[in-house]
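Step one of this worksheet: look at the structure below.
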Amino acid sequence: MTNASTADEETPPPPPPATLTFGGKHGKNPLADASFAAMCRRLPSVLGHTARRAWAVDRTGVVLLLVCQLLTGAAAAVVLAFTAQAMTHVLGDGTVSERLHGALPALIVVTAAAAVGRVSGALASYADGRITPLLTTEADIALVAAVCRVESSAYGEDGFADRQEAAEVGVTRTRLMVQDAQRFMSALIRMIAASGVVTALHPLLLPLLLLAVLPAGAGAVLSARVDYETHYLNVGDRNVRQMMRWWATYSRFGDEVRANGMTGYLIYWYRALSDRIDRRTLTAAPRMLRITLATSALGGLFLLCTWATLAWLASAGRIALPVAATAVVAVQTTLAALGQFVLHGAAMFHTSLYLADMRSFLDMAAERAPARGPLTIPERVDEIRLEEAVYQYPGKDEPAVAGVSLTLRRGEILAVVGENGSGKSTLVKLLTGILLADKGRVLWDGVDLAHADPDAVWKRTALVPQNFACWPLRARENITLGQPKTFDDGPVWEVVDAVGMREAIEKLPRQLDTLLAKELWGGAELSGGQWQRLVCGRALYRQTPLLILDEPTSQMDARGEHAIFLEIKRIAARRMTVVVTHQLENTRLADRILVMDKGRVVEHGGYEELVNAGGLFAELVALAQDR
Ligand SMILES: Nc1ncnc2c1ncn2[C@@H]1O[C@H](COP(=O)(O)OP(=O)(O)OP(=O)(O)O)[C@@H](O)[C@H]1O
């Protein structure tokens, strides 16, 4: 036995991924208590909703689709009725040529109607091809817009991310909805046409045919239910798998994954989660099989009864032979139409389950869109005041900000310091109205943010967040994003100079037009510190009354940091500036320093004053110098 294998035996197996359930108040499958009748009642509402949305995106396509479907149905009825007529001639009395001659006009009509049916069928598919992509795009954009617009606090809400994942499936299923609805409607029209002909031949045939296809329909609905149940159980796991997939494969995190030896565990983890999802899916397979076998057997039995009845009617002389022959064709046609009607109805029901998830998420997101009030904020803001502001994140026992009062005036630079988790970033979110205080108030020139239009607030805010996005956009857009108001690059170059990025941008293959994403064709990459400079440039470009920088220079070299703080000082007179930092030396530029601990302001004053006070700030400064 080698040392390596001994080591392997002694190494405990890696822990499997945590078991995640689609939890919270959304943890209950909406189908759990739904009766079969209730499920069937969904169809008209789903059909109506799809029709309204289709009408909104492509009226011509919808009209074309409806006309073609009516034509297809009418053509099917004509084919059947004239086939019956032709049969009567073919199986009637006279010589072969006389009988064929007699059937000829009916056969010509059958051929013409079949041609019309085919052409309108093709046109209906074309209309479906027009409507579906537009509808899917609309659903997709509605979802993205809804998520972008919710109050920031919604992200932390129980089940929000899982509901979003379920809604994403709804978006992809939208693709099937028009197709299902179109096939369902066309089968319905063909069924009505064909059943009219069958009933005219003998009234007993239609109920028997219905009995023959109903079990298949019931089977399809039951299978859809099982499939959805499995999907519902897997939502939580799929959500986290999707997130991990992105983190594990995103090139920006590739170095961390490789150099820390994470690859093996990440792949193991991904496989373990995928296996768990597959296991649930496979558990459903025998149930599906049982449903299909039972309903097929029942349907087959009823079909046998239909044929036996037809044979009995013919042999007992209750229907003439030509009528019996026609009945065979009519039964086949009706059976096909009925079968498709039921199957596409079930498919629509199936799709509707996913669409309902999407609709309920959109409703949920709409309820969480800011509805704060119509108050607006003056163009120039002179003062921001916090009055005993408290904020507690959902699910947390302690408030992150526990009653903070402060006044910030135009022209002032405020530094906020404190240990990790002391509430600095949360305070910033309260100042900017990203989060609304649970208790207390945040007032911008006397306007309470709880009642102000958030867009008016954010138009006057520039924020360099602690965790910023490296947008896969051109360099120019990475600066102007959120405020693309000039056609001239002058102001963009001004901020590029201010953050010391001119040389780096001029070296890019297409300067400001360079796509900043190495993974995209023609894209280029910046270093971490260069990205941070660019993000600071974006905030400076906005020229707003409030400028907030949360750890703005953590990745920068001394020259970059110097340039940024010089610029902050240069422009400070025209705005209120808040700098959150752990680099305590940088707080020297501030007019005031706020020291936070456990959500409260424990000290405030100037740099020298706080160092001499011998409190938490002095201790942190001493620790920073004790290297
Ligand atoms: N989105 C969130 N959901 C739940 N709790 C959060 C969230 N963001 C922060 N917290 C919690 O709120 C508290 C304050 O966090 P905050 O980010 O404001 O601290 P901070 O002072 O900015 O910390 P750091 O110096 O590490 O950036 C912490 O206990 C943290 O765990």
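If you're wondering about the labels, chains in the structure tokens are A, B, ... by order shown, residues count from 1 in each chain, ligands from 1 in order shown.
For Thr174 (chain A), the set of protein, DNA and RNA residues having any atom at most 8 Å away, when counting only C-alpha atoms and skipping those fewer than 2 positions along the same chain, is Thr132, Leu135, Thr136, Ala139, Gly170, Val171, Thr172, Leu176, Met177, Val178, Thr351 and Leu355 of chain A.
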Mind running chain A against ligand 1 at 12 Å and telling me each contacting residue's nearest atom pair with the distance in Å (one decimal), counting only C-alpha atoms and all ligand atoms, chain and number ascending, as a Markdown table?
```
| residue | atom | partner | partner_atom_place_in_ligand_line | distance |
| --- | --- | --- | --- | --- |
| A:Ser152 | CA | ligand 1 | 1 (N) | 8.9 |
| A:Ser153 | CA | ligand 1 | 1 (N) | 7.8 |
| A:Ala154 | CA | ligand 1 | 1 (N) | 9.9 |
| A:Tyr155 | CA | ligand 1 | 1 (N) | 7.8 |
| A:Gly156 | CA | ligand 1 | 3 (N) | 5.8 |
| A:Glu157 | CA | ligand 1 | 3 (N) | 9.1 |
| A:Asp158 | CA | ligand 1 | 3 (N) | 11.1 |
| A:Val390 | CA | ligand 1 | 12 (O) | 11.7 |
| A:Tyr391 | CA | ligand 1 | 12 (O) | 9.0 |
| A:Gln392 | CA | ligand 1 | 12 (O) | 7.6 |
| A:Tyr393 | CA | ligand 1 | 4 (C) | 4.8 |
| A:Pro394 | CA | ligand 1 | 4 (C) | 6.5 |
| A:Gly395 | CA | ligand 1 | 4 (C) | 7.3 |
| A:Lys396 | CA | ligand 1 | 5 (N) | 6.5 |
| A:Asp397 | CA | ligand 1 | 29 (O) | 9.5 |
| A:Glu398 | CA | ligand 1 | 29 (O) | 7.9 |
| A:Pro399 | CA | ligand 1 | 12 (O) | 7.3 |
| A:Ala400 | CA | ligand 1 | 13 (C) | 4.4 |
| A:Val401 | CA | ligand 1 | 14 (C) | 7.3 |
| A:Ala402 | CA | ligand 1 | 14 (C) | 10.2 |
| A:Val416 | CA | ligand 1 | 21 (O) | 9.0 |
| A:Val417 | CA | ligand 1 | 21 (O) | 7.7 |
| A:Gly418 | CA | ligand 1 | 21 (O) | 6.2 |
| A:Glu419 | CA | ligand 1 | 25 (O) | 5.6 |
| A:Asn420 | CA | ligand 1 | 25 (O) | 3.5 |
| A:Gly421 | CA | ligand 1 | 19 (O) | 3.4 |
| A:Ser422 | CA | ligand 1 | 21 (O) | 3.9 |
| A:Gly423 | CA | ligand 1 | 18 (O) | 3.3 |
| A:Lys424 | CA | ligand 1 | 21 (O) | 3.8 |
| A:Ser425 | CA | ligand 1 | 22 (O) | 3.7 |
| A:Thr426 | CA | ligand 1 | 18 (O) | 3.8 |
| A:Leu427 | CA | ligand 1 | 18 (O) | 6.5 |
| A:Val428 | CA | ligand 1 | 18 (O) | 8.0 |
| A:Lys429 | CA | ligand 1 | 18 (O) | 8.4 |
| A:Leu430 | CA | ligand 1 | 18 (O) | 10.0 |
| A:Ile434 | CA | ligand 1 | 1 (N) | 11.6 |
| A:Leu435 | CA | ligand 1 | 1 (N) | 10.4 |
| A:Pro465 | CA | ligand 1 | 27 (O) | 10.0 |
| A:Gln466 | CA | ligand 1 | 27 (O) | 7.2 |
| A:Asn467 | CA | ligand 1 | 27 (O) | 9.5 |
| A:Leu549 | CA | ligand 1 | 22 (O) | 11.7 |
| A:Asp550 | CA | ligand 1 | 27 (O) | 8.2 |
| A:Glu551 | CA | ligand 1 | 27 (O) | 8.1 |
| A:Pro552 | CA | ligand 1 | 27 (O) | 11.6 |
| A:Ser554 | CA | ligand 1 | 27 (O) | 11.4 |
| A:Val579 | CA | ligand 1 | 22 (O) | 11.6 |
| A:Val580 | CA | ligand 1 | 22 (O) | 8.1 |
| A:Thr581 | CA | ligand 1 | 25 (O) | 8.0 |
| A:His582 | CA | ligand 1 | 25 (O) | 7.4 |
| A:Gln583 | CA | ligand 1 | 25 (O) | 11.1 |
| A:Leu594 | CA | ligand 1 | 21 (O) | 11.7 |
| A:Val595 | CA | ligand 1 | 21 (O) | 10.1 |
| A:Met596 | CA | ligand 1 | 21 (O) | 7.6 |
| A:Asp597 | CA | ligand 1 | 21 (O) | 8.1 |
| A:Lys598 | CA | ligand 1 | 14 (C) | 7.8 |
| A:Gly599 | CA | ligand 1 | 14 (C) | 7.0 |
| A:Arg600 | CA | ligand 1 | 21 (O) | 10.5 |
| A:Val601 | CA | ligand 1 | 21 (O) | 11.4 |
```
Q: Using DSSP on the backbone coordinates, identify the residues of region 439-498 of chain A assigned to strand (DSSP E); present them as a list of chain:residue names.
A: A:Lys439, A:Gly440, A:Arg441, A:Val442, A:Leu443, A:Trp444, A:Val447, A:Asp448, A:Thr461, A:Ala462, A:Leu463, A:Val464
Q | Residue neighbourhood Pro472 (chain A), 10 Å, only C-alpha atoms, exclusion window fewer than 2 positions, as an NGL selection string | A | :A and (469-470 or 474-475 or 477-478 or 515-520 or 523-525)
For Val578 (chain A), work out the shell of residues within 8 Å, counting only C-alpha atoms and skipping chain neighbours fewer than 2 positions away, then give it as a tab-separated table (two decimals) with C-alpha atoms, in the first residue's frame.
```tsv
chain	number	residue	atom	x	y	z
A	413	ILE	CA	-16.70	65.32	3.34
A	414	LEU	CA	-17.76	62.67	5.83
A	415	ALA	CA	-15.65	59.56	6.44
A	416	VAL	CA	-17.34	56.48	7.89
A	546	LEU	CA	-24.38	63.30	-3.23
A	547	LEU	CA	-21.22	61.30	-3.90
A	548	ILE	CA	-20.67	58.10	-1.95
A	549	LEU	CA	-17.54	56.00	-2.17
A	576	MET	CA	-21.92	66.15	-0.05
A	580	VAL	CA	-16.37	54.56	3.70
```
Q: Show which residues sit within 8 Å of Arg409 (chain A), as a PyMOL selection string. Count only C-alpha atoms, and ignore same-chain residues fewer than 5 positions away.
A: chain A and resi 382-384+576
Grab the residues selected above and save them as an mmCIF file, in the first residue's frame with N, CA and C atoms.
```cif
data_model
loop_
_atom_site.group_PDB
_atom_site.id
_atom_site.type_symbol
_atom_site.label_atom_id
_atom_site.label_comp_id
_atom_site.auth_asym_id
_atom_site.auth_seq_id
_atom_site.Cartn_x
_atom_site.Cartn_y
_atom_site.Cartn_z
ATOM 1 N N ASP A 382 -28.986 70.617 -0.232
ATOM 2 C CA ASP A 382 -28.033 71.248 0.679
ATOM 3 C C ASP A 382 -27.794 70.456 1.958
ATOM 4 N N GLU A 383 -28.754 69.563 2.260
ATOM 5 C CA GLU A 383 -28.611 68.872 3.547
ATOM 6 C C GLU A 383 -29.294 67.501 3.511
ATOM 7 N N ILE A 384 -28.614 66.514 4.076
ATOM 8 C CA ILE A 384 -29.253 65.200 4.273
ATOM 9 C C ILE A 384 -29.210 64.911 5.764
ATOM 10 N N MET A 576 -22.186 66.832 -1.326
ATOM 11 C CA MET A 576 -21.924 66.152 -0.053
ATOM 12 C C MET A 576 -21.171 64.867 -0.399
#
```
Q.
List the spatial neighbours of Thr553 (chain A) as a PyMOL selection string - criterion: any atom at most 10 Å away, only C-alpha atoms, same-chain residues fewer than 5 positions off excluded.
A. chain A and resi 464+466+529+532-533+536+558+560-562+564-565+581-583+586
Using 7 Å as the limit and counting only C-alpha atoms, can you tabulate each residue of region 168-278 of chain A that touches region 72-82 of chain A, with its shortest atom-to-atom distance in Å and the two atoms involved, as a Markdown table?
```
| residue | atom | partner | partner_atom | distance |
| --- | --- | --- | --- | --- |
| A:Ser186 | CA | A:Gly73 | CA | 6.5 |
| A:Ile189 | CA | A:Gly73 | CA | 4.9 |
| A:Arg190 | CA | A:Gly73 | CA | 4.5 |
| A:Ala193 | CA | A:Ala77 | CA | 4.7 |
| A:Ala194 | CA | A:Ala77 | CA | 5.9 |
| A:Val197 | CA | A:Ala81 | CA | 6.5 |
```
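Put simply, CA of Val62 (chain A) is 15.8 Å away from CA of Glu138 (chain A).
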Q: Once DSSP has gone over the backbone, tell me which residues of region 506-591 of chain A are in alpha helix (DSSP H), as a ChimeraX atom specification.
A: /A:506,528-542,558-571
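For the set A:Leu566, A:Ala330, A:Ala248, A:Ala452, the residue with the smallest atom-to-atom gap to Ser195 (chain A) is A:Ala330, counting only C-alpha atoms.
You will find CA of Met191 (chain A) at 10.3 Å from CA of Val342 (chain A).
In this comparison, which uses only C-alpha atoms, the residue of A:Ala365, A:Val116, A:Ala320, A:Leu188 approaching Gly92 (chain A) most closely is A:Ala320.
If you look at CA of Gln530 (chain A) and CA of Ile593 (chain A), they are 27.6 Å away from each other.
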